[in-house]
Amino acid sequence: MRLHRSFKAAAAAGALLLVSGCGLFTESDASSSAYGLNPPDLKAQSKLGKTEGQVNLIAWAGYVEDGSNDPKTDWVSSFEQRTGCQVKSKVAASSDEMVKLMKTGNYDAVSASGDASLRLIASGDAAPVNTDLVPNYQDVFFGLKKQAWNSFDGKPYGIPHGRGANLLMYNTQQVKTAPTSWSAVFDDASPYKGHVTAYDSPIYIADAALYLRETQPGLNIENPYALDQDQFDAAVALLKDQNANVGEYWNDYLKEVSAFKSGDSTVGTTWQVIANLAADEGAKVKAVLPIEGATGWSDTWMISAKAKHPNCAYKWMNWIISPKVNAEVAEYYGEAPSNIKACDEISDDAFCDTYHATDEGYWKDIAFWTTPIEQCLDGRTEVKCVPYAKWVQAWTEIKG
């Protein structure tokens with residue numbers, strides 16, 4: 001679960017970074033083709049036809065706003081007026097729900113996170129995307145293009161929407177020495193027993209694996225989403241130990257803000273927008289990117305292989321990453337935009353600095369959510385890796 005409702009973030013002070021940093025214009029060769037994933041041989045749409053008058057979307061809360069939640073927040077009405085495509089949207093509470101809804105064939109597109117996208121590719125529920133039909137794609141940060149979670153065999157399977165990191169937040173009054181490592185919630189968590197918080201999702205197992213990658217090199221973990229049985233067991237064991245110190249597993253940003261304000265939570269995982277909101281509401285908190293790096297999320301608009309309104313879906317994908325709209329969504333939701341030009345449109349000059357939108361060096365330390373599959377995502381062929389279904393089973397055991 002990502003959010004129960006949408007909100008506008010209050011960004012911290014800072015200077016806007018210029019779009020000239022290292023790596024912004026260097027496209028990655030990463031692709032899931034090297035990892036043994038074998039989806040159906042589907043073809044991308046070759047050209048746009050007449051719009052169908054409607055588009056049915058599955059989205060995270062805050063991604064498809066029509067003014068009904070906030071009269072000042074509406075990028076749907078303009079889209080409908082320009083294209084004639086009436087938007088019908090379904091807010092999903094989790095990646096698992098998104099996958100289930102896409103399988104019905106009743107929706108044209110979905111804003112999938114990396115813990116869902118490979119499942120949709122592998123099952124044939126998502127079709128490849130012809131980026132030539134999405135003119136604004138040319139301005140998407142290259143660090144988001146053709147990545148392992150949104151491509152296969154060199155083919156894009158979606159249009160990147162935005163990105164964020166899973167950070168370490170702590171109460172500055174209760175944690176006297178500022179933490180710099182995830183050890184604060186794992187090996188050194190006992191001083192905060194009952195006041196540690198962690199993200200409530202099976203994909204959080206990757207956070208433990210990322211920490212073990214740096215602290216137990218003998219495990220030979222390269223990719224926290226590609227874990228053989230021994231590596232997986234070590235991550236699960238670490239999380240079971242952590243469970244004794246966890247006071248709350250969060251999946252609602254309001255609950256985390258409240259817990260840090262009341263003192264019920266002292267240290268744990270967060271997003272930048274939650275840290276900003278908690279600080280704005282009086283909580284004495286800071287959020288940091290630990291020395292081990294972090295996991296993160298990058299959402300991708302994917303088109304259904306069974307789309308009944310594919311032309312409107314393509315129009316939507318181009319609209320949602322257009323500079324002004326992408327800026328509005330990023331600022332309202334609280335994430336780094338995917339369009340390089342969006343930072344010129346954001347009303348808060350400090351926003352893109354706060355969310356590291358143009359700092360590709362920052363994102364190199366982020367392991368973006370990717371669906372674990374049996375074919376090891378790190379390229380190993382001599383072993384099988386633990387698939388996501390077993391991550392789900394293990395998560396239930398971890399939480400007890």
# chains A, B, ... in the order shown; residues from 1 in each chain; ligands from 1
>>> residues_around(residues="Lys43 of chain A", least_positions_apart="2", cutoff="12 Å", atoms="only C-alpha atoms", output="compact mmCIF listing (two decimals) with N, CA, C and O atoms, in the first residue's frame")
# COMPACT_ATOMS: atom_id res chain seq x y z
N PRO A 39 8.41 -13.45 -21.38
CA PRO A 39 7.00 -13.09 -21.53
C PRO A 39 6.49 -13.46 -22.93
O PRO A 39 7.28 -13.78 -23.82
N PRO A 40 5.17 -13.41 -23.13
CA PRO A 40 4.63 -13.65 -24.48
C PRO A 40 5.18 -12.64 -25.48
O PRO A 40 5.54 -11.51 -25.11
N ASP A 41 5.26 -13.01 -26.72
CA ASP A 41 5.80 -12.14 -27.77
C ASP A 41 4.71 -11.20 -28.25
O ASP A 41 4.02 -11.44 -29.24
N GLN A 45 1.91 -1.11 -30.19
CA GLN A 45 1.04 -0.44 -31.16
C GLN A 45 1.90 0.35 -32.13
O GLN A 45 2.82 1.06 -31.74
N SER A 46 1.61 0.26 -33.43
CA SER A 46 2.47 0.88 -34.44
C SER A 46 2.11 2.34 -34.72
O SER A 46 2.98 3.14 -35.08
N LYS A 47 0.87 2.70 -34.57
CA LYS A 47 0.46 4.08 -34.81
C LYS A 47 -0.80 4.40 -34.02
O LYS A 47 -1.52 3.50 -33.58
N GLY A 124 1.95 -11.36 -19.53
CA GLY A 124 1.35 -10.91 -20.77
C GLY A 124 0.20 -9.94 -20.56
O GLY A 124 -0.52 -9.63 -21.51
N ALA A 126 0.63 -6.80 -19.64
CA ALA A 126 1.09 -5.50 -20.12
C ALA A 126 1.75 -5.68 -21.48
O ALA A 126 2.47 -6.65 -21.72
N ALA A 127 1.51 -4.74 -22.36
CA ALA A 127 2.07 -4.78 -23.70
C ALA A 127 3.28 -3.86 -23.81
O ALA A 127 3.39 -2.89 -23.06
N PRO A 128 4.19 -4.14 -24.74
CA PRO A 128 5.28 -3.20 -24.99
C PRO A 128 4.71 -1.84 -25.41
O PRO A 128 3.59 -1.77 -25.93
N VAL A 129 5.48 -0.80 -25.18
CA VAL A 129 5.03 0.55 -25.51
C VAL A 129 5.88 1.11 -26.65
O VAL A 129 7.11 0.98 -26.65
N ASN A 130 5.22 1.70 -27.63
CA ASN A 130 5.90 2.38 -28.72
C ASN A 130 6.15 3.81 -28.27
O ASN A 130 5.25 4.65 -28.30
N LYS A 155 12.98 -3.63 -25.22
CA LYS A 155 11.68 -3.00 -25.49
C LYS A 155 11.15 -2.34 -24.22
O LYS A 155 11.04 -2.99 -23.18
N PRO A 156 10.79 -1.07 -24.29
CA PRO A 156 10.14 -0.44 -23.14
C PRO A 156 8.74 -1.03 -22.94
O PRO A 156 8.02 -1.27 -23.91
N TYR A 157 8.39 -1.27 -21.70
CA TYR A 157 7.06 -1.75 -21.36
C TYR A 157 6.29 -0.71 -20.56
O TYR A 157 5.37 -1.05 -19.84
N ILE A 303 0.58 -0.07 -20.36
CA ILE A 303 -0.67 -0.24 -21.10
C ILE A 303 -1.08 -1.70 -21.13
O ILE A 303 -0.23 -2.59 -21.28
N SER A 304 -2.35 -1.95 -20.94
CA SER A 304 -2.85 -3.32 -20.92
C SER A 304 -2.77 -3.95 -22.31
O SER A 304 -3.05 -3.30 -23.32
N ALA A 305 -2.39 -5.22 -22.33
CA ALA A 305 -2.39 -5.96 -23.60
C ALA A 305 -3.81 -6.16 -24.11
O ALA A 305 -4.01 -6.49 -25.29
>>> residues_around(residues="Glu281 of chain A", least_positions_apart="5", cutoff="10 Å", atoms="only C-alpha atoms", output="list in words")
Val257, Ser258, Lys261, Ala275 and Asn276 of chain A
>>> write_last_selection(atoms="N, CA, C and O atoms", output="mmCIF file, in the first residue's frame")
data_model
loop_
_atom_site.group_PDB
_atom_site.id
_atom_site.type_symbol
_atom_site.label_atom_id
_atom_site.label_comp_id
_atom_site.auth_asym_id
_atom_site.auth_seq_id
_atom_site.Cartn_x
_atom_site.Cartn_y
_atom_site.Cartn_z
ATOM 1 N N VAL A 257 3.330 9.718 10.242
ATOM 2 C CA VAL A 257 3.473 11.092 10.719
ATOM 3 C C VAL A 257 3.010 11.197 12.172
ATOM 4 O O VAL A 257 3.694 11.779 13.022
ATOM 5 N N SER A 258 1.855 10.615 12.456
ATOM 6 C CA SER A 258 1.303 10.672 13.814
ATOM 7 C C SER A 258 2.214 9.975 14.821
ATOM 8 O O SER A 258 2.430 10.471 15.935
ATOM 9 N N LYS A 261 5.185 12.101 15.590
ATOM 10 C CA LYS A 261 4.790 13.275 16.384
ATOM 11 C C LYS A 261 4.569 12.901 17.851
ATOM 12 O O LYS A 261 4.950 13.648 18.752
ATOM 13 N N ALA A 275 8.727 12.787 5.733
ATOM 14 C CA ALA A 275 9.627 13.525 6.625
ATOM 15 C C ALA A 275 9.292 15.013 6.608
ATOM 16 O O ALA A 275 9.273 15.678 7.654
ATOM 17 N N ASN A 276 9.008 15.549 5.417
ATOM 18 C CA ASN A 276 8.655 16.960 5.308
ATOM 19 C C ASN A 276 7.361 17.268 6.062
ATOM 20 O O ASN A 276 7.263 18.255 6.797
#
>>> closest_residue(among="A:Gln272, A:Phe79, A:Glu382, A:Thr131", to="Asp353 of chain A", atoms="only C-alpha atoms")
A:Gln272
>>> select_by_dssp(residues="segment 28-258 of chain A", states="strand (DSSP E)", output="ChimeraX atom specification")
/A:54-59,86-91,109-112,126-127,151-152,155-156,159-165,167-171,196-199,246-250
>>> closest_residue(among="A:Val91, A:Val140, A:Ala235, A:Leu120", to="Asn339 of chain A", atoms="only C-alpha atoms")
A:Val140
>>> residues_around(residues="Val383 of chain A", least_positions_apart="3", cutoff="10 Å", atoms="only C-alpha atoms", output="PDB file with N, CA and C atoms, in the first residue's frame")
ATOM      1  N   LEU A 227      17.679 -13.070  -4.791  1.00  0.00           N
ATOM      2  CA  LEU A 227      18.193 -13.783  -3.626  1.00  0.00           C
ATOM      3  C   LEU A 227      18.014 -15.279  -3.803  1.00  0.00           C
ATOM      4  N   ASP A 228      19.123 -16.029  -3.755  1.00  0.00           N
ATOM      5  CA  ASP A 228      18.984 -17.483  -3.729  1.00  0.00           C
ATOM      6  C   ASP A 228      18.488 -17.876  -2.337  1.00  0.00           C
ATOM      7  N   GLN A 229      18.273 -19.159  -2.103  1.00  0.00           N
ATOM      8  CA  GLN A 229      17.633 -19.573  -0.867  1.00  0.00           C
ATOM      9  C   GLN A 229      18.437 -19.183   0.367  1.00  0.00           C
ATOM     10  N   GLU A 374      12.163 -16.316 -10.318  1.00  0.00           N
ATOM     11  CA  GLU A 374      13.075 -17.458 -10.193  1.00  0.00           C
ATOM     12  C   GLU A 374      14.357 -17.255 -10.984  1.00  0.00           C
ATOM     13  N   GLN A 375      14.247 -16.673 -12.167  1.00  0.00           N
ATOM     14  CA  GLN A 375      15.450 -16.371 -12.935  1.00  0.00           C
ATOM     15  C   GLN A 375      16.156 -15.200 -12.260  1.00  0.00           C
ATOM     16  N   CYS A 376      17.314 -15.461 -11.702  1.00  0.00           N
ATOM     17  CA  CYS A 376      17.980 -14.461 -10.867  1.00  0.00           C
ATOM     18  C   CYS A 376      18.245 -13.166 -11.634  1.00  0.00           C
ATOM     19  N   GLY A 379      21.750 -12.131 -13.010  1.00  0.00           N
ATOM     20  CA  GLY A 379      22.376 -12.838 -14.119  1.00  0.00           C
ATOM     21  C   GLY A 379      22.850 -14.236 -13.822  1.00  0.00           C
ATOM     22  N   ARG A 380      22.769 -14.675 -12.561  1.00  0.00           N
ATOM     23  CA  ARG A 380      23.211 -16.025 -12.239  1.00  0.00           C
ATOM     24  C   ARG A 380      22.292 -17.061 -12.890  1.00  0.00           C
ATOM     25  N   VAL A 386      14.555 -16.860  -5.243  1.00  0.00           N
ATOM     26  CA  VAL A 386      13.265 -17.013  -4.576  1.00  0.00           C
ATOM     27  C   VAL A 386      12.260 -16.051  -5.210  1.00  0.00           C
TER      28      VAL A 386
END
>>> select_by_dssp(residues="segment 136-285 of chain A", states="alpha helix (DSSP H)", output="PyMOL selection string")
chain A and resi 205-215+229-243+253-262+272-280
>>> write_last_selection(atoms="N, CA and C atoms", output="CSV table (one decimal), in the first residue's frame")
chain,number,residue,atom,x,y,z
A,205,ILE,N,11.7,-7.0,2.4
A,205,ILE,CA,12.7,-8.0,2.5
A,205,ILE,C,14.0,-7.5,1.8
A,206,ALA,N,13.8,-6.8,0.7
A,206,ALA,CA,14.9,-6.3,-0.1
A,206,ALA,C,15.7,-5.3,0.8
A,207,ASP,N,15.1,-4.5,1.7
A,207,ASP,CA,15.8,-3.6,2.5
A,207,ASP,C,16.8,-4.4,3.4
A,208,ALA,N,16.4,-5.5,3.9
A,208,ALA,CA,17.3,-6.3,4.8
A,208,ALA,C,18.4,-6.9,3.9
A,209,ALA,N,18.1,-7.3,2.7
A,209,ALA,CA,19.1,-7.9,1.8
A,209,ALA,C,20.1,-6.8,1.4
A,210,LEU,N,19.6,-5.6,1.2
A,210,LEU,CA,20.6,-4.5,0.8
A,210,LEU,C,21.5,-4.2,2.0
A,211,TYR,N,21.0,-4.3,3.2
A,211,TYR,CA,21.9,-4.1,4.4
A,211,TYR,C,22.9,-5.2,4.5
A,212,LEU,N,22.4,-6.4,4.3
A,212,LEU,CA,23.3,-7.6,4.4
A,212,LEU,C,24.4,-7.6,3.3
A,213,ARG,N,24.0,-7.1,2.1
A,213,ARG,CA,24.9,-7.0,1.0
A,213,ARG,C,26.2,-6.2,1.4
A,214,GLU,N,26.0,-5.2,2.2
A,214,GLU,CA,27.1,-4.3,2.6
A,214,GLU,C,27.8,-4.8,3.9
A,215,THR,N,27.1,-5.5,4.8
A,215,THR,CA,27.6,-5.9,6.1
A,215,THR,C,28.0,-7.3,6.2
A,229,GLN,N,18.3,-19.2,-2.1
A,229,GLN,CA,17.6,-19.6,-0.9
A,229,GLN,C,18.4,-19.2,0.4
A,230,ASP,N,19.8,-19.4,0.3
A,230,ASP,CA,20.6,-19.0,1.5
A,230,ASP,C,20.5,-17.5,1.8
A,231,GLN,N,20.6,-16.7,0.7
A,231,GLN,CA,20.6,-15.3,0.9
A,231,GLN,C,19.2,-14.8,1.4
A,232,PHE,N,18.2,-15.4,0.8
A,232,PHE,CA,16.8,-15.1,1.3
A,232,PHE,C,16.6,-15.5,2.7
A,233,ASP,N,17.1,-16.6,3.1
A,233,ASP,CA,16.9,-17.1,4.5
A,233,ASP,C,17.7,-16.1,5.5
A,234,ALA,N,18.8,-15.6,5.0
A,234,ALA,CA,19.5,-14.7,5.9
A,234,ALA,C,18.8,-13.3,6.1
A,235,ALA,N,18.2,-12.9,5.0
A,235,ALA,CA,17.4,-11.6,5.1
A,235,ALA,C,16.1,-11.8,5.9
A,236,VAL,N,15.5,-13.0,5.8
A,236,VAL,CA,14.3,-13.3,6.6
A,236,VAL,C,14.7,-13.4,8.1
A,237,ALA,N,15.8,-14.0,8.3
A,237,ALA,CA,16.2,-14.1,9.7
A,237,ALA,C,16.5,-12.8,10.4
A,238,LEU,N,17.1,-11.9,9.6
A,238,LEU,CA,17.4,-10.5,10.1
A,238,LEU,C,16.1,-9.8,10.4
A,239,LEU,N,15.1,-10.0,9.5
A,239,LEU,CA,13.8,-9.3,9.8
A,239,LEU,C,13.0,-9.9,10.9
A,240,LYS,N,13.2,-11.2,11.1
A,240,LYS,CA,12.5,-11.8,12.3
A,240,LYS,C,13.2,-11.3,13.6
A,241,ASP,N,14.5,-11.1,13.6
A,241,ASP,CA,15.1,-10.5,14.7
A,241,ASP,C,14.7,-9.1,14.9
A,242,GLN,N,14.5,-8.4,13.8
A,242,GLN,CA,14.1,-7.0,13.9
A,242,GLN,C,12.7,-6.9,14.5
A,243,ASN,N,11.8,-7.8,14.2
A,243,ASN,CA,10.4,-7.8,14.6
A,243,ASN,C,10.3,-7.6,16.1
A,253,TYR,N,0.7,6.9,5.3
A,253,TYR,CA,1.6,8.0,5.7
A,253,TYR,C,1.1,8.7,6.9
A,254,LEU,N,-0.2,8.8,7.0
A,254,LEU,CA,-0.8,9.6,8.2
A,254,LEU,C,-0.4,8.9,9.5
A,255,LYS,N,-0.4,7.6,9.5
A,255,LYS,CA,0.0,6.9,10.7
A,255,LYS,C,1.4,7.1,11.1
A,256,GLU,N,2.3,7.1,10.1
A,256,GLU,CA,3.7,7.3,10.4
A,256,GLU,C,4.0,8.7,10.9
A,257,VAL,N,3.3,9.7,10.2
A,257,VAL,CA,3.5,11.1,10.7
A,257,VAL,C,3.0,11.2,12.2
A,258,SER,N,1.9,10.6,12.5
A,258,SER,CA,1.3,10.7,13.8
A,258,SER,C,2.2,10.0,14.8
A,259,ALA,N,2.8,8.8,14.4
A,259,ALA,CA,3.6,8.1,15.3
A,259,ALA,C,4.9,8.8,15.7
A,260,PHE,N,5.5,9.5,14.7
A,260,PHE,CA,6.7,10.3,15.0
A,260,PHE,C,6.4,11.5,15.8
A,261,LYS,N,5.2,12.1,15.6
A,261,LYS,CA,4.8,13.3,16.4
A,261,LYS,C,4.6,12.9,17.9
A,262,SER,N,4.0,11.7,18.1
A,262,SER,CA,3.6,11.3,19.4
A,262,SER,C,4.8,10.7,20.2
A,272,GLN,N,10.7,10.9,1.6
A,272,GLN,CA,11.0,12.3,1.8
A,272,GLN,C,9.8,13.2,2.1
A,273,VAL,N,8.7,12.9,1.4
A,273,VAL,CA,7.5,13.7,1.6
A,273,VAL,C,6.9,13.5,3.0
A,274,ILE,N,7.1,12.3,3.6
A,274,ILE,CA,6.6,12.0,4.9
A,274,ILE,C,7.4,12.8,6.0
A,275,ALA,N,8.7,12.8,5.7
A,275,ALA,CA,9.6,13.5,6.6
A,275,ALA,C,9.3,15.0,6.6
A,276,ASN,N,9.0,15.5,5.4
A,276,ASN,CA,8.7,17.0,5.3
A,276,ASN,C,7.4,17.3,6.1
A,277,LEU,N,6.4,16.4,5.9
A,277,LEU,CA,5.1,16.6,6.5
A,277,LEU,C,5.2,16.5,8.0
A,278,ALA,N,5.9,15.5,8.5
A,278,ALA,CA,6.1,15.3,9.9
A,278,ALA,C,6.8,16.6,10.6
A,279,ALA,N,7.8,17.1,9.9
A,279,ALA,CA,8.5,18.2,10.4
A,279,ALA,C,7.6,19.5,10.4
A,280,ASP,N,6.8,19.6,9.3
A,280,ASP,CA,5.9,20.7,9.3
A,280,ASP,C,4.9,20.7,10.4
>>> atom_distance(atom1="atom CA of Asp299 of chain A", atom2="atom CA of Ala93 of chain A")
14.2 Å
>>> residues_around(residues="Met98 of chain A", least_positions_apart="4", cutoff="9 Å", atoms="only C-alpha atoms", output="PyMOL selection string")
chain A and resi 58-59+91-94+102-103+110-112+116
>>> write_last_selection(atoms="all heavy atoms", output="short mmCIF file (atom, residue, chain, number, x, y, z; two decimals), in the first residue's frame")
data_model
loop_
_atom_site.label_atom_id
_atom_site.label_comp_id
_atom_site.auth_asym_id
_atom_site.auth_seq_id
_atom_site.Cartn_x
_atom_site.Cartn_y
_atom_site.Cartn_z
N ILE A 58 -5.90 2.47 -13.62
CA ILE A 58 -5.63 2.05 -12.26
C ILE A 58 -4.45 2.89 -11.78
O ILE A 58 -3.43 2.96 -12.48
CB ILE A 58 -5.25 0.56 -12.17
CG1 ILE A 58 -6.29 -0.32 -12.86
CG2 ILE A 58 -5.08 0.13 -10.72
CD1 ILE A 58 -5.81 -1.74 -13.11
N ALA A 59 -4.57 3.50 -10.63
CA ALA A 59 -3.50 4.42 -10.22
C ALA A 59 -3.34 4.47 -8.71
O ALA A 59 -4.26 4.14 -7.95
CB ALA A 59 -3.80 5.83 -10.74
N VAL A 91 -8.52 3.84 -7.79
CA VAL A 91 -7.36 3.94 -6.90
C VAL A 91 -7.08 2.57 -6.31
O VAL A 91 -7.98 1.93 -5.74
CB VAL A 91 -7.61 4.96 -5.79
CG1 VAL A 91 -6.49 4.92 -4.75
CG2 VAL A 91 -7.73 6.36 -6.37
N ALA A 92 -5.87 2.10 -6.45
CA ALA A 92 -5.46 0.81 -5.89
C ALA A 92 -4.66 1.04 -4.62
O ALA A 92 -3.90 2.01 -4.51
CB ALA A 92 -4.64 0.02 -6.89
N ALA A 93 -4.85 0.15 -3.66
CA ALA A 93 -4.17 0.30 -2.38
C ALA A 93 -2.85 -0.44 -2.31
O ALA A 93 -2.08 -0.24 -1.38
CB ALA A 93 -5.08 -0.20 -1.26
N SER A 94 -2.57 -1.31 -3.29
CA SER A 94 -1.33 -2.08 -3.25
C SER A 94 -0.96 -2.53 -4.65
O SER A 94 -1.79 -2.54 -5.57
CB SER A 94 -1.49 -3.31 -2.35
OG SER A 94 -2.39 -4.23 -2.95
N MET A 102 -5.51 -5.56 -13.31
CA MET A 102 -5.06 -5.61 -14.71
C MET A 102 -5.44 -6.93 -15.37
O MET A 102 -5.71 -6.98 -16.58
CB MET A 102 -3.55 -5.38 -14.78
CG MET A 102 -3.16 -3.92 -14.67
SD MET A 102 -3.57 -2.96 -16.15
CE MET A 102 -2.19 -3.41 -17.22
N LYS A 103 -5.45 -7.99 -14.61
CA LYS A 103 -5.78 -9.30 -15.17
C LYS A 103 -7.24 -9.40 -15.61
O LYS A 103 -7.60 -10.27 -16.40
CB LYS A 103 -5.47 -10.41 -14.15
CG LYS A 103 -3.98 -10.66 -13.97
CD LYS A 103 -3.72 -11.82 -13.02
CE LYS A 103 -2.23 -12.06 -12.89
NZ LYS A 103 -1.60 -12.47 -14.16
N VAL A 110 -2.05 1.33 -16.14
CA VAL A 110 -1.83 1.27 -14.70
C VAL A 110 -0.51 1.95 -14.36
O VAL A 110 0.45 1.89 -15.13
CB VAL A 110 -1.80 -0.21 -14.22
CG1 VAL A 110 -0.68 -0.98 -14.89
CG2 VAL A 110 -1.66 -0.30 -12.70
N SER A 111 -0.47 2.61 -13.20
CA SER A 111 0.76 3.27 -12.73
C SER A 111 1.54 2.30 -11.83
O SER A 111 1.61 2.48 -10.62
CB SER A 111 0.43 4.55 -11.96
OG SER A 111 -0.33 4.27 -10.80
N ALA A 112 2.12 1.29 -12.43
CA ALA A 112 2.72 0.19 -11.67
C ALA A 112 4.07 0.53 -11.07
O ALA A 112 4.92 1.14 -11.73
CB ALA A 112 2.86 -1.03 -12.58
N ALA A 116 5.48 -4.71 -9.14
CA ALA A 116 4.35 -5.25 -9.92
C ALA A 116 4.68 -5.37 -11.39
O ALA A 116 4.14 -6.25 -12.08
CB ALA A 116 3.12 -4.36 -9.74
#
>>> closest_atom_pairs(of="segment 287-371 of chain A", to="segment 82-89 of chain A", cutoff="9 Å", atoms="only C-alpha atoms", output="CSV")
residue,atom,partner,partner_atom,distance
A:Cys312,CA,A:Cys85,CA,5.9
A:Ala313,CA,A:Cys85,CA,8.8
A:Lys315,CA,A:Thr83,CA,7.5
A:Trp316,CA,A:Cys85,CA,8.6
>>> write_last_selection(atoms="all heavy atoms", output="PDB file, in the first residue's frame")
ATOM      1  N   CYS A 312      -6.593   6.379 -26.418  1.00  0.00           N
ATOM      2  CA  CYS A 312      -6.737   7.293 -25.287  1.00  0.00           C
ATOM      3  C   CYS A 312      -5.675   7.011 -24.224  1.00  0.00           C
ATOM      4  O   CYS A 312      -5.189   7.935 -23.562  1.00  0.00           O
ATOM      5  CB  CYS A 312      -8.131   7.174 -24.682  1.00  0.00           C
ATOM      6  SG  CYS A 312      -9.419   8.096 -25.587  1.00  0.00           S
ATOM      7  N   ALA A 313      -5.313   5.738 -24.063  1.00  0.00           N
ATOM      8  CA  ALA A 313      -4.272   5.384 -23.094  1.00  0.00           C
ATOM      9  C   ALA A 313      -2.939   6.001 -23.486  1.00  0.00           C
ATOM     10  O   ALA A 313      -2.204   6.524 -22.633  1.00  0.00           O
ATOM     11  CB  ALA A 313      -4.151   3.867 -22.979  1.00  0.00           C
ATOM     12  N   LYS A 315      -2.570   8.685 -25.288  1.00  0.00           N
ATOM     13  CA  LYS A 315      -2.711  10.125 -25.060  1.00  0.00           C
ATOM     14  C   LYS A 315      -2.496  10.457 -23.584  1.00  0.00           C
ATOM     15  O   LYS A 315      -1.856  11.453 -23.237  1.00  0.00           O
ATOM     16  CB  LYS A 315      -4.100  10.581 -25.494  1.00  0.00           C
ATOM     17  CG  LYS A 315      -4.353  10.550 -26.993  1.00  0.00           C
ATOM     18  CD  LYS A 315      -3.580  11.633 -27.719  1.00  0.00           C
ATOM     19  CE  LYS A 315      -3.961  11.688 -29.183  1.00  0.00           C
ATOM     20  NZ  LYS A 315      -3.198  12.735 -29.924  1.00  0.00           N
ATOM     21  N   TRP A 316      -3.030   9.599 -22.702  1.00  0.00           N
ATOM     22  CA  TRP A 316      -2.857   9.819 -21.266  1.00  0.00           C
ATOM     23  C   TRP A 316      -1.385   9.710 -20.869  1.00  0.00           C
ATOM     24  O   TRP A 316      -0.876  10.543 -20.106  1.00  0.00           O
ATOM     25  CB  TRP A 316      -3.694   8.825 -20.456  1.00  0.00           C
ATOM     26  CG  TRP A 316      -3.396   8.913 -18.990  1.00  0.00           C
ATOM     27  CD1 TRP A 316      -2.576   8.093 -18.263  1.00  0.00           C
ATOM     28  CD2 TRP A 316      -3.866   9.910 -18.082  1.00  0.00           C
ATOM     29  NE1 TRP A 316      -2.518   8.511 -16.950  1.00  0.00           N
ATOM     30  CE2 TRP A 316      -3.299   9.632 -16.810  1.00  0.00           C
ATOM     31  CE3 TRP A 316      -4.727  11.007 -18.221  1.00  0.00           C
ATOM     32  CZ2 TRP A 316      -3.551  10.410 -15.694  1.00  0.00           C
ATOM     33  CZ3 TRP A 316      -4.978  11.798 -17.091  1.00  0.00           C
ATOM     34  CH2 TRP A 316      -4.394  11.495 -15.853  1.00  0.00           C
TER      35      TRP A 316
END
>>> residues_around(residues="Lys50 of chain A", least_positions_apart="6", cutoff="10 Å", atoms="only C-alpha atoms", output="list in words")
His309, Pro310, Asn311 and Cys312 of chain A
>>> write_last_selection(atoms="C-alpha atoms", output="JSON list (two decimals), in the first residue's frame")
[["chain", "number", "residue", "atom", "x", "y", "z"],
["A", 309, "HIS", "CA", -9.14, 2.24, -25.41],
["A", 310, "PRO", "CA", -5.46, 2.09, -26.40],
["A", 311, "ASN", "CA", -5.37, 5.41, -28.26],
["A", 312, "CYS", "CA", -6.74, 7.29, -25.29]]
>>> atom_distance(atom1="atom CA of Ala226 of chain A", atom2="atom CA of Arg163 of chain A")
21.0 Å
>>> residues_around(residues="Met317 of chain A", least_positions_apart="2", cutoff="9 Å", atoms="only C-alpha atoms", output="NGL selection string")
:A and (109 or 134 or 136 or 158-159 or 161 or 301-303 or 312-315 or 319-322)
>>> closest_residue(among="A:Lys90, A:Lys324, A:His356, A:Lys341", to="Gln138 of chain A", atoms="only C-alpha atoms")
A:Lys341
>>> closest_residue(among="A:Thr104, A:Thr371, A:Gln173, A:Ser190", to="Pro202 of chain A", atoms="only C-alpha atoms")
A:Thr371
>>> closest_residue(among="A:Val288, A:Leu133, A:Ile373, A:Leu144", to="Glu360 of chain A", atoms="only C-alpha atoms")
A:Leu144
